[in-house]
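Trainee: Data file final-v2.txt (compact mmCIF, C-alpha atoms) is appended below.
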```
# COMPACT_ATOMS: atom_id res chain seq x y z
CA MET A 1 0.00 0.00 0.00
CA ILE A 2 1.35 3.43 -0.94
CA PRO A 3 0.69 5.66 2.08
CA PHE A 4 -1.08 8.98 1.80
CA LEU A 5 1.45 10.51 4.21
CA ASP A 6 4.58 9.01 5.78
CA LEU A 7 5.83 11.05 8.73
CA LYS A 8 8.10 8.22 9.86
CA ALA A 9 10.18 8.49 6.69
CA GLN A 10 11.02 12.08 7.57
CA TYR A 11 11.67 11.20 11.21
CA ARG A 12 14.20 8.52 10.29
CA GLN A 13 16.34 11.18 8.58
CA ILE A 14 16.57 13.42 11.63
CA LYS A 15 15.95 11.06 14.55
CA ASP A 16 19.27 11.57 16.33
CA GLU A 17 19.30 15.33 15.83
CA VAL A 18 15.74 15.75 17.06
CA GLY A 19 16.34 13.47 20.04
CA ALA A 20 19.37 15.50 21.10
CA ALA A 21 17.44 18.78 20.73
CA ILE A 22 14.57 17.49 22.86
CA MET A 23 16.89 16.19 25.59
CA LYS A 24 18.68 19.54 25.65
CA VAL A 25 15.39 21.19 26.56
CA VAL A 26 14.53 18.54 29.13
CA ASP A 27 17.94 18.94 30.74
CA SER A 28 17.68 22.75 30.74
CA GLY A 29 14.54 22.95 32.86
CA ALA A 30 13.20 25.76 30.62
CA TYR A 31 10.02 24.38 29.12
CA VAL A 32 7.59 27.22 28.44
CA GLY A 33 7.71 30.54 26.65
CA ALA A 34 10.18 32.07 24.23
CA GLY A 35 13.32 30.77 25.91
CA PRO A 36 16.64 29.31 24.71
CA GLU A 37 14.93 27.50 21.82
CA GLY A 38 11.85 29.65 21.24
CA LYS A 39 13.61 32.96 20.70
CA PRO A 40 16.15 31.64 18.18
CA PHE A 41 13.41 29.75 16.35
CA GLU A 42 11.37 32.94 16.01
CA ALA A 43 14.35 34.78 14.53
CA GLU A 44 15.16 31.90 12.18
CA PHE A 45 11.58 31.48 11.02
CA ALA A 46 11.19 35.22 10.40
CA ALA A 47 14.37 35.15 8.31
CA TYR A 48 13.09 32.14 6.37
CA CYS A 49 9.79 33.86 5.60
CA GLY A 50 11.34 37.25 4.91
CA THR A 51 9.66 39.28 7.65
CA LYS A 52 11.20 41.35 10.40
CA ASP A 53 9.62 39.35 13.20
CA ALA A 54 7.87 36.13 14.17
CA ALA A 55 6.14 34.99 17.35
CA GLY A 56 5.52 31.36 18.22
CA VAL A 57 2.09 30.35 19.54
CA ASN A 58 0.39 27.10 20.47
CA SER A 59 -1.49 26.40 17.21
CA GLY A 60 -2.28 27.74 13.78
CA THR A 61 -5.82 28.51 14.92
CA THR A 62 -4.45 30.62 17.75
CA ALA A 63 -2.17 32.38 15.27
CA LEU A 64 -5.21 33.46 13.23
CA HIS A 65 -7.17 34.48 16.32
CA LEU A 66 -4.41 36.61 17.84
CA ALA A 67 -3.46 38.11 14.46
CA LEU A 68 -7.04 39.29 13.94
CA LEU A 69 -7.10 40.89 17.38
CA ALA A 70 -3.67 42.47 16.91
CA ALA A 71 -4.79 43.84 13.53
CA GLY A 72 -7.58 45.72 15.28
CA ILE A 73 -10.60 43.48 14.67
CA VAL A 74 -13.29 44.16 17.25
CA PRO A 75 -16.75 42.68 17.93
CA GLY A 76 -19.18 43.35 15.10
CA ASP A 77 -16.53 43.74 12.40
CA GLU A 78 -16.76 41.70 9.20
CA VAL A 79 -13.88 39.71 7.74
CA ILE A 80 -13.99 38.48 4.14
CA THR A 81 -12.66 34.96 3.68
CA VAL A 82 -13.34 31.68 1.86
CA ALA A 83 -15.25 28.51 2.72
CA ALA A 84 -12.95 26.21 0.74
CA THR A 85 -10.69 25.54 3.70
CA PHE A 86 -10.57 23.91 7.12
CA VAL A 87 -13.05 25.33 9.65
CA ALA A 88 -10.27 26.86 11.78
CA THR A 89 -10.15 29.91 9.51
CA THR A 90 -13.79 30.70 10.20
CA ALA A 91 -13.55 29.71 13.85
CA ALA A 92 -10.74 32.20 14.45
CA ILE A 93 -12.87 35.03 13.06
CA LEU A 94 -15.71 34.04 15.37
CA TYR A 95 -13.31 33.81 18.33
CA ALA A 96 -12.57 37.48 17.66
CA ASN A 97 -16.35 38.11 17.83
CA ALA A 98 -16.35 39.19 14.21
CA LYS A 99 -18.48 37.93 11.32
CA PRO A 100 -17.04 35.79 8.51
CA VAL A 101 -18.24 36.83 5.06
CA PHE A 102 -17.56 34.18 2.41
CA VAL A 103 -16.60 34.75 -1.21
CA ASP A 104 -16.10 32.09 -3.85
CA VAL A 105 -12.74 30.83 -5.09
CA ASP A 106 -11.12 30.96 -8.50
CA PRO A 107 -11.89 27.80 -10.54
CA VAL A 108 -8.25 27.44 -11.65
CA THR A 109 -6.20 28.22 -8.52
CA TRP A 110 -8.90 27.21 -5.97
CA THR A 111 -7.94 30.22 -3.85
CA MET A 112 -9.86 33.43 -3.10
CA ASP A 113 -11.25 35.03 -6.28
CA PRO A 114 -10.30 38.73 -6.10
CA ALA A 115 -13.13 39.58 -8.51
CA ARG A 116 -15.64 38.57 -5.82
CA ILE A 117 -14.27 40.70 -3.00
CA GLU A 118 -15.58 44.22 -3.59
CA ALA A 119 -19.19 43.08 -3.86
CA ALA A 120 -18.86 41.60 -0.37
CA ILE A 121 -17.51 44.78 1.26
CA THR A 122 -19.84 46.66 3.61
CA PRO A 123 -19.27 49.51 6.07
CA LYS A 124 -18.53 46.83 8.69
CA THR A 125 -15.77 45.15 6.68
CA LYS A 126 -12.40 45.58 8.36
CA ALA A 127 -10.19 42.81 6.96
CA ILE A 128 -9.62 40.26 4.20
CA LEU A 129 -8.38 36.80 5.15
CA PRO A 130 -7.21 34.84 2.08
CA VAL A 131 -6.21 31.19 2.47
CA HIS A 132 -3.14 29.88 0.65
CA LEU A 133 -4.63 26.49 -0.12
CA HIS A 134 -2.79 23.18 -0.59
CA GLY A 135 0.53 25.05 -0.79
CA LEU A 136 -0.44 27.61 -3.47
CA MET A 137 -0.68 31.30 -2.59
CA ALA A 138 -3.76 33.33 -3.39
CA ASP A 139 -3.59 36.13 -5.98
CA MET A 140 -2.22 38.70 -3.55
CA ASP A 141 -1.62 41.81 -5.70
CA PRO A 142 -5.29 42.49 -6.48
CA ILE A 143 -6.26 41.52 -2.93
CA MET A 144 -3.81 44.06 -1.52
CA ALA A 145 -4.98 46.71 -4.00
CA ILE A 146 -8.60 46.24 -2.92
CA ALA A 147 -7.56 46.33 0.74
CA ALA A 148 -5.64 49.58 0.24
CA LYS A 149 -8.55 51.14 -1.64
CA HIS A 150 -10.98 50.37 1.20
CA GLY A 151 -8.64 50.75 4.18
CA LEU A 152 -8.71 47.06 5.14
CA LYS A 153 -6.17 44.84 6.88
CA VAL A 154 -5.02 41.63 5.19
CA ILE A 155 -4.30 38.56 7.30
CA GLU A 156 -2.77 35.67 5.34
CA ASP A 157 -3.71 32.12 6.33
CA CYS A 158 -0.41 30.37 5.55
CA ALA A 159 -1.15 27.14 7.42
CA GLN A 160 -0.50 25.08 4.27
CA ALA A 161 2.04 27.33 2.58
CA HIS A 162 5.41 27.28 4.36
CA GLY A 163 7.90 28.57 1.78
CA ALA A 164 5.30 29.16 -0.94
CA GLU A 165 5.95 32.21 -3.10
CA TYR A 166 4.01 34.78 -5.10
CA LYS A 167 6.09 36.79 -7.57
CA GLY A 168 9.19 36.08 -5.51
CA ARG A 169 7.64 37.01 -2.17
CA ARG A 170 7.04 34.34 0.44
CA ALA A 171 3.78 33.50 2.14
CA GLY A 172 3.12 35.72 5.13
CA THR A 173 5.10 38.71 3.86
CA ILE A 174 2.61 40.46 1.59
CA GLY A 175 -0.35 41.07 3.89
CA HIS A 176 -0.15 42.97 7.15
CA VAL A 177 0.35 39.73 9.06
CA GLY A 178 0.76 36.03 8.23
CA CYS A 179 -0.30 32.97 10.23
CA PHE A 180 1.26 29.50 10.16
CA SER A 181 0.41 26.11 11.60
CA PHE A 182 3.00 23.59 12.71
CA TYR A 183 0.57 20.68 13.07
CA PRO A 184 2.60 17.47 12.54
CA GLY A 185 1.39 16.85 8.99
CA LYS A 186 2.29 20.33 7.73
CA ASN A 187 5.28 20.96 5.46
CA LEU A 188 7.02 22.25 8.61
CA GLY A 189 5.45 20.25 11.40
CA ALA A 190 6.11 20.02 15.12
CA TYR A 191 5.79 16.83 17.19
CA GLY A 192 2.58 18.19 18.66
CA GLU A 193 0.68 21.44 18.26
CA GLY A 194 2.26 24.76 17.31
CA GLY A 195 1.92 27.86 15.20
CA ALA A 196 3.49 31.23 14.44
CA ILE A 197 2.56 34.78 13.49
CA VAL A 198 4.87 36.76 11.21
CA SER A 199 4.85 40.46 10.38
CA SER A 200 7.13 43.42 9.78
CA ASP A 201 4.75 45.69 11.73
CA PRO A 202 6.26 46.21 15.21
CA GLU A 203 2.96 47.36 16.73
CA ILE A 204 1.16 44.21 15.60
CA MET A 205 3.95 42.00 16.88
CA GLN A 206 4.12 43.77 20.25
CA THR A 207 0.39 43.20 20.66
CA VAL A 208 0.69 39.55 19.60
CA ARG A 209 3.38 38.92 22.20
CA MET A 210 1.22 40.39 24.94
CA LEU A 211 -1.89 38.51 23.83
CA ARG A 212 -0.13 35.13 23.79
CA ASP A 213 1.15 35.66 27.37
CA TRP A 214 -1.92 36.71 29.33
CA GLY A 215 -1.79 40.26 27.98
CA GLN A 216 1.36 41.06 29.93
CA ALA A 217 3.68 43.90 28.91
CA LYS A 218 5.96 42.55 31.63
CA LYS A 219 5.43 40.12 34.47
CA TYR A 220 2.20 40.89 36.36
CA ASP A 221 1.59 44.01 34.26
CA HIS A 222 -1.54 42.93 32.36
CA VAL A 223 -2.23 45.56 29.72
CA LEU A 224 -4.65 43.46 27.65
CA LYS A 225 -7.08 40.63 28.29
CA GLY A 226 -4.82 37.96 26.92
CA PHE A 227 -4.47 34.19 26.60
CA ASN A 228 -2.21 31.31 27.56
CA ALA A 229 -1.01 30.68 24.02
CA ARG A 230 2.76 30.27 24.01
CA LEU A 231 4.77 27.82 21.91
CA ASP A 232 6.51 25.39 24.24
CA GLU A 233 10.26 24.94 24.16
CA ILE A 234 10.28 21.29 23.08
CA GLN A 235 8.23 22.10 19.98
CA ALA A 236 10.49 25.08 19.24
CA ALA A 237 13.54 22.81 19.50
CA VAL A 238 12.01 20.29 17.09
CA LEU A 239 11.06 23.05 14.66
CA ARG A 240 14.57 24.52 14.74
CA VAL A 241 15.98 21.19 13.61
CA LYS A 242 13.37 20.72 10.91
CA LEU A 243 13.61 24.29 9.59
CA LYS A 244 17.14 23.49 8.40
CA TYR A 245 15.75 20.84 6.08
CA ILE A 246 12.54 22.43 4.84
CA GLU A 247 13.89 23.62 1.50
CA GLY A 248 15.12 20.15 0.59
CA TRP A 249 11.81 18.64 1.63
CA THR A 250 9.94 21.30 -0.34
CA GLU A 251 11.85 20.45 -3.48
CA GLY A 252 11.01 16.80 -2.89
CA ARG A 253 7.32 17.71 -2.83
CA ARG A 254 7.67 19.88 -5.91
CA THR A 255 9.42 17.08 -7.77
CA ALA A 256 6.58 14.71 -6.89
CA GLY A 257 4.04 17.35 -7.92
CA SER A 258 5.75 17.82 -11.29
CA ARG A 259 5.81 14.07 -11.84
CA TYR A 260 2.10 13.84 -11.11
CA ALA A 261 1.36 16.77 -13.42
CA SER A 262 3.26 15.20 -16.32
CA GLY A 263 1.72 11.79 -15.82
CA LEU A 264 -1.86 12.91 -15.24
CA SER A 265 -2.14 15.64 -17.88
CA GLY A 266 -4.86 14.81 -20.38
CA VAL A 267 -6.18 11.85 -18.41
CA GLY A 268 -9.63 13.37 -17.96
CA ILE A 269 -9.35 14.65 -14.40
CA GLY A 270 -8.63 18.10 -12.99
CA ILE A 271 -5.11 18.67 -11.68
CA PRO A 272 -3.45 21.63 -9.94
CA CYS A 273 -2.51 24.40 -12.39
CA PRO A 274 -0.25 26.82 -10.50
CA PRO A 275 0.35 30.12 -12.34
CA ALA A 276 3.92 30.68 -13.50
CA ASP A 277 4.39 33.52 -11.01
CA ARG A 278 3.86 31.24 -7.98
CA ARG A 279 5.87 28.58 -6.20
CA HIS A 280 3.54 25.77 -5.20
CA VAL A 281 4.85 23.78 -2.21
CA TYR A 282 2.30 20.94 -2.47
CA HIS A 283 1.13 20.47 1.08
CA VAL A 284 -1.68 18.59 -0.67
CA TYR A 285 -1.87 17.29 -4.23
CA ALA A 286 -5.59 17.31 -4.96
CA ILE A 287 -7.17 16.22 -8.21
CA ARG A 288 -10.78 16.71 -9.36
CA SER A 289 -13.12 13.94 -10.47
CA PRO A 290 -16.90 14.00 -10.97
CA ASP A 291 -16.87 10.44 -9.57
CA ARG A 292 -14.56 11.21 -6.66
CA ASP A 293 -15.88 8.47 -4.35
CA GLY A 294 -15.74 5.82 -7.07
CA LEU A 295 -12.20 6.84 -7.98
CA GLN A 296 -11.12 6.71 -4.36
CA ALA A 297 -12.51 3.19 -3.97
CA LYS A 298 -10.70 1.98 -7.10
CA LEU A 299 -7.42 3.49 -5.93
CA GLN A 300 -7.82 1.85 -2.53
CA ASP A 301 -8.29 -1.50 -4.26
CA ALA A 302 -5.14 -0.78 -6.29
CA GLY A 303 -3.08 -0.16 -3.14
CA VAL A 304 -3.09 3.64 -3.17
CA SER A 305 -4.13 5.53 -0.04
CA THR A 306 -5.89 8.84 -0.65
CA GLY A 307 -7.56 11.58 1.36
CA ILE A 308 -10.51 13.89 0.98
CA HIS A 309 -10.04 17.45 2.19
CA TYR A 310 -13.02 19.69 2.90
CA PRO A 311 -15.87 17.72 1.28
CA VAL A 312 -18.39 19.99 3.02
CA PRO A 313 -17.49 23.69 2.66
CA VAL A 314 -17.59 25.74 5.83
CA HIS A 315 -20.73 27.68 4.86
CA LEU A 316 -22.65 24.38 4.67
CA GLN A 317 -21.37 22.89 7.93
CA LYS A 318 -24.00 22.37 10.63
CA ALA A 319 -21.88 24.14 13.23
CA TYR A 320 -21.94 27.34 11.16
CA ALA A 321 -25.57 27.25 9.98
CA ASP A 322 -26.23 30.40 12.00
CA LEU A 323 -24.12 32.33 9.49
CA GLY A 324 -26.90 31.84 6.96
CA GLY A 325 -25.04 29.96 4.24
CA LYS A 326 -26.99 27.77 1.84
CA ALA A 327 -26.33 25.49 -1.09
CA GLY A 328 -25.71 27.46 -4.26
CA ASP A 329 -24.10 30.45 -2.55
CA LEU A 330 -20.56 29.48 -3.61
CA PRO A 331 -20.85 27.27 -6.70
CA VAL A 332 -17.12 26.81 -7.38
CA THR A 333 -16.38 26.02 -3.74
CA GLU A 334 -19.25 23.54 -3.58
CA ALA A 335 -18.19 21.78 -6.78
CA LEU A 336 -14.64 21.42 -5.46
CA GLY A 337 -15.96 19.90 -2.24
CA ARG A 338 -17.73 17.22 -4.25
CA GLU A 339 -14.80 16.49 -6.55
CA TRP A 340 -11.49 16.92 -4.68
CA LEU A 341 -9.41 13.81 -4.03
CA SER A 342 -5.94 14.09 -2.49
CA LEU A 343 -3.18 11.79 -3.75
CA PRO A 344 -0.15 10.64 -1.70
CA MET A 345 2.17 13.59 -1.15
CA PHE A 346 5.25 13.80 1.04
CA ALA A 347 8.86 14.79 0.41
CA GLU A 348 10.12 11.20 0.51
CA LEU A 349 7.64 9.91 -2.09
CA GLU A 350 9.77 7.79 -4.42
CA PRO A 351 9.54 8.14 -8.22
CA ALA A 352 8.39 4.53 -8.48
CA GLN A 353 5.64 5.20 -5.96
CA ALA A 354 4.48 8.31 -7.84
CA ASP A 355 4.49 6.36 -11.09
CA ALA A 356 2.42 3.62 -9.47
CA VAL A 357 -0.11 6.22 -8.31
CA ILE A 358 -0.27 7.70 -11.81
CA ALA A 359 -0.81 4.29 -13.36
CA ALA A 360 -3.52 3.46 -10.84
CA VAL A 361 -5.34 6.74 -11.54
CA LYS A 362 -5.17 6.19 -15.29
CA THR A 363 -6.51 2.66 -14.98
CA ALA A 364 -9.30 3.74 -12.62
CA VAL A 365 -10.37 6.64 -14.85
CA ALA A 366 -10.31 4.45 -17.97
CA ARG A 367 -12.69 2.01 -16.31
```
Translate this structure into structure tokens?
Mentor:
Amino acid sequence: MIPFLDLKAQYRQIKDEVGAAIMKVVDSGAYVGAGPEGKPFEAEFAAYCGTKDAAGVNSGTTALHLALLAAGIVPGDEVITVAATFVATTAAILYANAKPVFVDVDPVTWTMDPARIEAAITPKTKAILPVHLHGLMADMDPIMAIAAKHGLKVIEDCAQAHGAEYKGRRAGTIGHVGCFSFYPGKNLGAYGEGGAIVSSDPEIMQTVRMLRDWGQAKKYDHVLKGFNARLDEIQAAVLRVKLKYIEGWTEGRRTAGSRYASGLSGVGIGIPCPPADRRHVYHVYAIRSPDRDGLQAKLQDAGVSTGIHYPVPVHLQKAYADLGGKAGDLPVTEALGREWLSLPMFAELEPAQADAVIAAVKTAVAR
């Protein structure tokens, strides 16, 4: 069976280095907060992204939540985003007591369609929150132009886009603030939960640092109503080790993605079509099929594990019915939810494995 994801393959490469880094933290007695591992990781991750600063937090969801607050979102504000994503994006907006306003995605890139944004803007709109989906960045130049025209903040959801680029600029550096997840399956994953906020705006980052640590400007000086949301030192130590290898792993994913694209072109299914001005980092390699469930069953029988990401868009989820979404509101998003099927994708995917996946897809589609 070809696995959908193989985290153990990555671990085997760095086992000794990670083990030593973890034991260093255990021996130090410094386990919480931006300490001997957390502070250097923040500096290294900011340098990797190309921002002036980064702040580690305890999850990608928290990163979005605190970034919204630090960007000035207050109760009653509206934030324009997409429903073709994991529910955490919407949840974070609600945690900030703001209202998510959904727009449809582009049928080619599957990311926020800039042409849909202005019609969704109201006097209550205060921010735009594009999602860089599957490892491909949204079309940021028109999004930023619309935001500037209307005086809106832009918060980038980069949970799936570590190292992705748009016209030479990395994810998290174009908007006012960027938010990352280090969930274990991400392109840069911790060995538990973790996240980070990046920005070159010192005021935003100062606020983020207070919010993640109970709103403290200094010990027992609580300036804001904050949270217990720090990145722990063991996760920071693991991430420091893995950050050194991320570019090699990214190229492994991109090689696998290119192999899939060559082998699956013209087969009769939809495949990712990243624009030439973007660097896709293939957190997920999703294809489209009108018989998605049948294709998945055939691939399973052929020894290929697959996944389905976001079959029910957020605006149609029961938990968010109070937002008023209904079938037909976002036709592209809804079609993608019915048709997406994710193929095996990880940096260590061998050429022979990718070729076997391609052959299995071709056979299944032909049937």
Trainee: One decimal, in Å: what's the spacing between atom CA of A:Ile93 and atom CA of A:Ala321?
Mentor: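 Atom-to-atom, atom CA of A:Ile93 and atom CA of A:Ala321 are spaced 15.2 Å apart.
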Trainee: Rank nothing, just name the residue among A:Trp340, A:Ala356, A:Pro114, A:Gly257 nearest to A:Ala145, using only C-alpha atoms.
Mentor: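 For A:Ala145, the nearest of the given residues is A:Pro114.
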Trainee: What's around stretch 201-208 of chain A at 12 Å? Count all atoms listed in the file, leave out sequence neighbours fewer than 3 positions away in its own chain, and write the answer as number ranges by chain.
Mentor: A: 42, 46, 51-57, 62-73, 153, 155, 173-179, 196-198, 211-218, 222-230
Trainee: At a cut-off of 12 Å, using all atoms listed in the file, what residues contact A:Gly38? Leave out same-chain residues fewer than 6 positions from it and give the result as a PyMOL selection string.
Mentor: chain A and resi 25+30-32+44-45+54-58+194-196+230-240
Trainee: Return the single residue from A:Arg170, A:His150, A:Arg209, A:Arg279 that is closest to A:Ala34, with distances computed using only C-alpha atoms.
Mentor: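 Closest to A:Ala34, using only C-alpha atoms: A:Arg209.
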Trainee: Using all atoms listed in the file, determine which residues lie at most 8 Å from stretch 295-301 of chain A, disregarding the query and same-chain residues fewer than 2 positions distant; provide the list as a PyMOL selection string.
Mentor: chain A and resi 289+291-293+303-306+341+360-361+364-365
Trainee: Could you turn the residues from that selection into a file that holds C-alpha atoms, as a PDB file, in the frame of the given file?
Mentor:
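Contents of out.pdb, freshly written:
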```pdb
ATOM      1  CA  SER A 289     -13.120  13.940 -10.470  1.00  0.00           C
ATOM      2  CA  ASP A 291     -16.870  10.440  -9.570  1.00  0.00           C
ATOM      3  CA  ARG A 292     -14.560  11.210  -6.660  1.00  0.00           C
ATOM      4  CA  ASP A 293     -15.880   8.470  -4.350  1.00  0.00           C
ATOM      5  CA  GLY A 303      -3.080  -0.160  -3.140  1.00  0.00           C
ATOM      6  CA  VAL A 304      -3.090   3.640  -3.170  1.00  0.00           C
ATOM      7  CA  SER A 305      -4.130   5.530  -0.040  1.00  0.00           C
ATOM      8  CA  THR A 306      -5.890   8.840  -0.650  1.00  0.00           C
ATOM      9  CA  LEU A 341      -9.410  13.810  -4.030  1.00  0.00           C
ATOM     10  CA  ALA A 360      -3.520   3.460 -10.840  1.00  0.00           C
ATOM     11  CA  VAL A 361      -5.340   6.740 -11.540  1.00  0.00           C
ATOM     12  CA  ALA A 364      -9.300   3.740 -12.620  1.00  0.00           C
ATOM     13  CA  VAL A 365     -10.370   6.640 -14.850  1.00  0.00           C
TER      14      VAL A 365
END
```
Trainee: Could you name the residues that touch A:Ala138 at 8 Å or less, counting only C-alpha atoms, but leaving out those on the same chain fewer than 5 positions away, as number ranges by chain?
Mentor: A: 109, 111-112, 130-133
Trainee: By how many Å are atom CA of A:Gly307 and atom CA of A:Ile287 apart?
Mentor: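 Distance reported for this atom pair: 10.6 Å.
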Trainee: Please report the interatomic distance between atom CA of A:Ile14 and atom CA of A:Phe346 in Å with one decimal.
Mentor: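 Computed distance, atom CA of A:Ile14 to atom CA of A:Phe346, equals 15.5 Å.
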Trainee: Between A:Ala319, A:Cys273, A:Gln160, A:Asp27, which one has atoms that come closest to A:Asp106, using all atoms listed in the file?
Mentor: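 Comparing A:Ala319, A:Cys273, A:Gln160, A:Asp27 against A:Asp106, the winner is A:Cys273.
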